[in-house]
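Read through the structure below, which is laid out as structure tokens, and then see the notes.
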Amino acid sequence: MAKAKFETPAFRDYRDIPAIQPDAMAHSQPFIAKPEHQEPLGFPGELVDDWENKAVAKLGDLLTRYKSLKVFLDSCVKCGACTDKCHYYLGTNDPKNMPVARQDLLRQVYRRYFTLAGRIAPGLVGARDMTREVLDDWYTYFHQCSQCRRCSVFCPYGIDTAEISMAGREIMDHIGVGQKYSNEIIGKVHKIGNNLGLPLPALEATLEDLEEEVKEDTGADVKYPVNQQGADVLLVTPSADFFAEPHIDGLVGYGKVFHQAGVSWTVSSHASEAANFALFIGSYDQMHKIANRIRQAALDLGVKRIVFGECGHAWRVAYSFLNTLAGPWDFLDPRYPVPQHICEFTHDLIQRGALNLDKQANDHMTLTFHDSCNVARASRMGDTPGGQFHIPREVIKASCNKFVEMDPNTTRESTFCCGGGGGLLTDDLMELRVKGALPRMEALNEARDYHGVTHMAAICAICKSQFTKVMPYYGFDMDAVVSVHQLVGNAIQLGTKE
Amino acid sequence: MSLLTYLYVLLFHAAALIMIVGLARKIWQFATVPAPLKIPTTPAPVTRGGVAMRLLREVALFESLFKSNRWIWIFAVLFHAGLLLVVARHLRYFTEPVWGLVHLAQPFGIYGGMAMVVGLLGLWARRLVVDRVRYISSPSDHLMLALLVAIGVSGLGMTYVVHTDIVQLKAFTLGLLYFDWQPLPGDPLLLIHLGLVAALMIVFPFSKLLHAPGVFFSPSRNMVDNPRETRHVAPWAAPLDTARDR
């Protein structure tokens with residue numbers, strides 16, 4: 001499937017809603033996890049005997065644990081409000097990528113086994129038995145959801161398809177049908193501490209190189225410490241920040257900010273990963289284990305605060321779930337929220353005049369900002385609702401002269417996912433990723449035509465990797481996506497404040 | 001009293017019982033299943049009062065639907081607001097003496113009935129014409145619209161075409177409430193209207209009409225955005241904390 005030929009969708013005139021093309025993406029499935037990816041997470045290695053009944057039983061179990069699942073499966077009236085809201089539907093035209101149709105893949109089984117109407121008259125209410133065909137649809141289409149929550153903004157009952165696709169993946173994991181990409185990565189976190197499997201020596205070498213580079217560029221002794229006992233701040237950042245472009249330029253920027261602020265900080269090799277991929281597979285258990293590596297690291301290193309680097313779904317788990325999963329944080333400095341986003345940290349310094357930023361350093365770029373889905377719709381920054389929108393923008397505007405917005409129907413809480421979130425950032429889903437990026441690419445193209453935008457800033461490791469890969473399909477340079485803290489790093493005048 | 005009267009008395013008592021018990025059971029489930037994680041769709045209110053306002057806007061104004069699709073919003077408001085007025089008008093059959101506000105609602109109730117039918121037909125037209133909505137529709141979705149339209153049309157029919165003996169009808173409905181049974185007028189249109197209403201009451205707790213209680217329990221709408229300030233742990237998840245090292 002990875003090598004299947006496909007066409008990059010054309011930009012639509014007037015953003016018209018495409019007509020449905022049934023089964024247009026029925027062929028798109030990610031690689032299935034092998035036993036060696038499944039078993040370390042406690043999932044069966046392959047499809048278990050009597051899987052039909054076990055799948056239904058697991059659904060029954062989840063219905064007693066998740067209010068969201070119970071209420072969402074019962075409440076949909078099929079009004080159709082969500083049908084044109086998913087970037088995967090807009091990019092693929094496959095009707096099963098309409099949020100309600102994706103939910104119905106689970107809802108049909110729920111109705112058959114857990115509702116009176118579905119037991120008595122399945123045909124009447126669209127209820128179906130748990131069959132191989134249904135399982136195939138689940139695997140196909142629950143892996144065409146990036147859990148971006150755009151549908152939940154527009155649903156009159158707030159039904160969030162992310163909750164449904166997480167439950168679907170959790171059920172499939174429990175009958176031995178996992179997704180290789182996510183489960184292999186979670187295994188690496190348990191074993192090594194990060195998604196990329198970078199061990200401590202590699203981490204140390206990378207960060208030492210970084211220190212030398214920054215020294216050459218700026219002449220300043222900016223430190224990029226690992227496992228430094230007694231540092232004030234534990235920085236938890238996506239491991240892509242340690243090696244990928246443009247992520248690493250963001251990491252350079254974080255280091256410069258800490259340096260000028262005079263705040264001691266460190267990364268931890270034990271918790272060298274901000275992203276918590278267990279979110280994608282809907283596993284509370286796994287998410288709890290991964291999150292508690294951060295607790296462990298904070299205790300071991302004796303830090304006073306925790307700051308997260310630029311990462312979208314990670315910030316959701318950090319902001320919304322970390323207190324639940326790994327709290328209470330009573331051993332940290334109570335003057336700061338736990339955790340803090342690096343943008344909150346930098347924004348705070350900017351407001352206090354503690355950073356010396358020369359906006360001209362970014363004059364070669366005209367910038368716009370891509371709101372990452374899970375930052376926008378599943379988290380917050382600062383003290384007031386919507387801080388997740390204005391704080392990163394304030395940081396950007398303090399670092400550059402030329403900033404413009406994209407179409408407001410595609411930003412803030414209406415933002416479109418990059419097309420690679422939720423465990424889909426894998427080469428075996430390349431067609432889906434390219435097509436799913438269409439709505440964002442259209443908005444960016446418009447901003448380029450009308451406002452001369454040259455670069456798009458983002459605060460998510462997945463967005464950055466995804467855009468780097470798919471933007472060339474739409475006629476943009478791969479380096480047209482930049483980290484927000486790359487801009488800060490460019491603008492900061494080291495040696496003038498500290 | 002006729003067999004017909006006994007039949008309808010029985011039907012309405014059974015329908016009311018099924019609806020009340022069924023809904024109570026569902027609401028109990030919605031209320032007691034825990035939400036282990038904080039999942040409000042953000043930006044979200046940071047206080048309980050803010051959440052109450054968010055839910056009020058959602059229920060009274062269909063705020064999210066307004067952002068989402070103007071046509072569905074118009075038809076949905078026509079139907080729901082119309083239904084509200086119709087119910088207000090019908091309270092005259094259940095109150096003696098009739099409350100002042102119910103008196104005031106009488107003429108609006110008729111317009112409400114018309115608005116309700118127009119809204120339903122608009123929603124139905126979308127279900128038939130828009131390919132995306134047609135794709136997601138089950139037979140039950142069409143049947144539900146048919147049922148509601150038939151209730152509306154049969155009701156309007158008694159206002160404009162064939163009147164029924166509303167004094168006797170009121171005696172019957174009050175009799176239902178106070179278990180003091182009175183004869184029901186035997187007009188066919190009335191019998192159809194009441195039969196369909198009873199059917200609606202019976203399917204309520206087993207159908208998508210559960211969106212009515214559901215909206216209040218939707219975690220993406222009813223949770224406060226304060227996860228960093230307040231630790232939120234579900235009872236089933238708490239034992240995981242004791243298993244960790246420290």
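If you're wondering about the labels, chains in the structure tokens are A, B, ... by order shown, residues count from 1 in each chain, ligands from 1 in order shown.
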
Counting only C-alpha atoms, which residues of chain A come no farther than 6 Å from chain B, as a VMD selection string? chain A and resid 64 to 68 71 75 77 80 to 81 124 to 126 154 156 to 158 320 323 to 324 377 to 378 385 to 386

DSSP on the backbone: what in stretch 202-241 of chain A comes out strand (DSSP E), as an NGL selection string? :A and (233-236)

Writing out the chosen residues with N, CA and C atoms as an mmCIF file, in the first residue's frame:
```
data_model
loop_
_atom_site.group_PDB
_atom_site.id
_atom_site.type_symbol
_atom_site.label_atom_id
_atom_site.label_comp_id
_atom_site.auth_asym_id
_atom_site.auth_seq_id
_atom_site.Cartn_x
_atom_site.Cartn_y
_atom_site.Cartn_z
ATOM 1 N N VAL A 233 14.423 23.599 35.889
ATOM 2 C CA VAL A 233 13.375 23.191 34.960
ATOM 3 C C VAL A 233 13.709 21.852 34.326
ATOM 4 N N LEU A 234 12.724 20.947 34.327
ATOM 5 C CA LEU A 234 12.822 19.750 33.503
ATOM 6 C C LEU A 234 12.108 20.058 32.194
ATOM 7 N N LEU A 235 12.871 20.017 31.088
ATOM 8 C CA LEU A 235 12.255 20.235 29.783
ATOM 9 C C LEU A 235 11.898 18.882 29.187
ATOM 10 N N VAL A 236 10.614 18.709 28.902
ATOM 11 C CA VAL A 236 10.162 17.480 28.256
ATOM 12 C C VAL A 236 9.738 17.874 26.854
#
```

Shell of 7 Å around stretch 107-118 of chain B, only C-alpha atoms, local chain residues under 3 positions omitted, as a list in words: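 Listed by chain and then number, they are Leu78, Phe79, His80, Gly82, Leu83, Leu85, Val86, Ala88, Arg89, Leu121, Gly122, Val149, Gly152 and Leu156 of chain B.
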
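Going from atom CA of A:Asp160 to atom CA of A:His370 covers 21.4 Å.
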
Using only C-alpha atoms, which residues sit within 6 Å of stretch 350-364 of chain A once same-chain residues fewer than 4 positions away are excluded, as a VMD selection string? chain A and resid 399 to 401 490 to 493

Write a file of the just-selected residues containing N, CA and C atoms, as a PDB file, in the first residue's frame.
```pdb
ATOM      1  N   SER A 399       8.931  38.276  17.656  1.00  0.00           N
ATOM      2  CA  SER A 399      10.174  37.796  17.051  1.00  0.00           C
ATOM      3  C   SER A 399      10.308  38.139  15.581  1.00  0.00           C
ATOM      4  N   CYS A 400       9.248  38.637  14.956  1.00  0.00           N
ATOM      5  CA  CYS A 400       9.350  38.942  13.529  1.00  0.00           C
ATOM      6  C   CYS A 400       8.474  40.137  13.176  1.00  0.00           C
ATOM      7  N   ASN A 401       8.757  40.757  12.052  1.00  0.00           N
ATOM      8  CA  ASN A 401       8.012  41.939  11.627  1.00  0.00           C
ATOM      9  C   ASN A 401       6.812  41.607  10.762  1.00  0.00           C
ATOM     10  N   ASN A 490      16.273  32.827  16.345  1.00  0.00           N
ATOM     11  CA  ASN A 490      16.898  33.734  15.373  1.00  0.00           C
ATOM     12  C   ASN A 490      16.972  35.160  15.904  1.00  0.00           C
ATOM     13  N   ALA A 491      15.901  35.560  16.594  1.00  0.00           N
ATOM     14  CA  ALA A 491      15.765  36.967  16.975  1.00  0.00           C
ATOM     15  C   ALA A 491      16.512  37.323  18.256  1.00  0.00           C
ATOM     16  N   ILE A 492      16.767  36.336  19.077  1.00  0.00           N
ATOM     17  CA  ILE A 492      17.292  36.636  20.411  1.00  0.00           C
ATOM     18  C   ILE A 492      18.739  37.141  20.308  1.00  0.00           C
ATOM     19  N   GLN A 493      19.027  38.192  21.007  1.00  0.00           N
ATOM     20  CA  GLN A 493      20.364  38.785  20.985  1.00  0.00           C
ATOM     21  C   GLN A 493      21.125  38.323  22.220  1.00  0.00           C
TER      22      GLN A 493
END
```

Contacts of A:Glu170 within 10 Å, only C-alpha atoms, excl. fewer than 2 positions in-chain, as a ChimeraX atom specification: /A:43,55,58-59,62,164-168,172-175,177-178,278,280-284

Got a sec to tell me which of stretch 95-232 of chain B DSSP assigns to alpha helix (DSSP H), as a PyMOL selection string? chain B and resi 100-129+131-136+139-160+166-178+188-203+211-217+219-222

Name the closest residue to B:Val87 among the candidates B:Gly50, B:Gly22, B:Gly155, B:Gly119; distances are taken between atoms, counting only C-alpha atoms. B:Gly155

Spatial neighbours of stretch 214-218 of chain A, 9 Å, only C-alpha atoms, chain gap at least 5 places, as a list in words: Asp209, Val252, Lys256, Gln493, Leu494 and Gly495 of chain A

Got a sec: who's within 6 Å of A:Gly193, counting only C-alpha atoms, leaving out chain neighbours fewer than 6 positions off, as a list in words?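 The residues satisfying every condition are His270, Ala271 and Ser272 of chain A.
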
Prev. selection, N, CA and C atoms, output as a PDB file, in the first residue's frame:
```pdb
ATOM      1  N   HIS A 270      15.515   9.583  30.902  1.00  0.00           N
ATOM      2  CA  HIS A 270      14.445   8.653  31.276  1.00  0.00           C
ATOM      3  C   HIS A 270      13.111   9.097  30.668  1.00  0.00           C
ATOM      4  N   ALA A 271      12.877  10.410  30.639  1.00  0.00           N
ATOM      5  CA  ALA A 271      11.649  10.955  30.063  1.00  0.00           C
ATOM      6  C   ALA A 271      12.027  11.882  28.919  1.00  0.00           C
ATOM      7  N   SER A 272      12.692  11.309  27.924  1.00  0.00           N
ATOM      8  CA  SER A 272      13.202  12.129  26.821  1.00  0.00           C
ATOM      9  C   SER A 272      12.186  12.193  25.688  1.00  0.00           C
TER      10      SER A 272
END
```

One number please: atom CA of A:Tyr473 to atom CA of A:Asp94, in Å, one decimal. 20.5 Å

Name the closest residue to A:Leu73 among the candidates A:Arg316, A:Met287, A:Ala437, A:Thr161; distances are taken between atoms, counting only C-alpha atoms.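 Among A:Arg316, A:Met287, A:Ala437, A:Thr161, it is A:Thr161 that comes nearest to A:Leu73.
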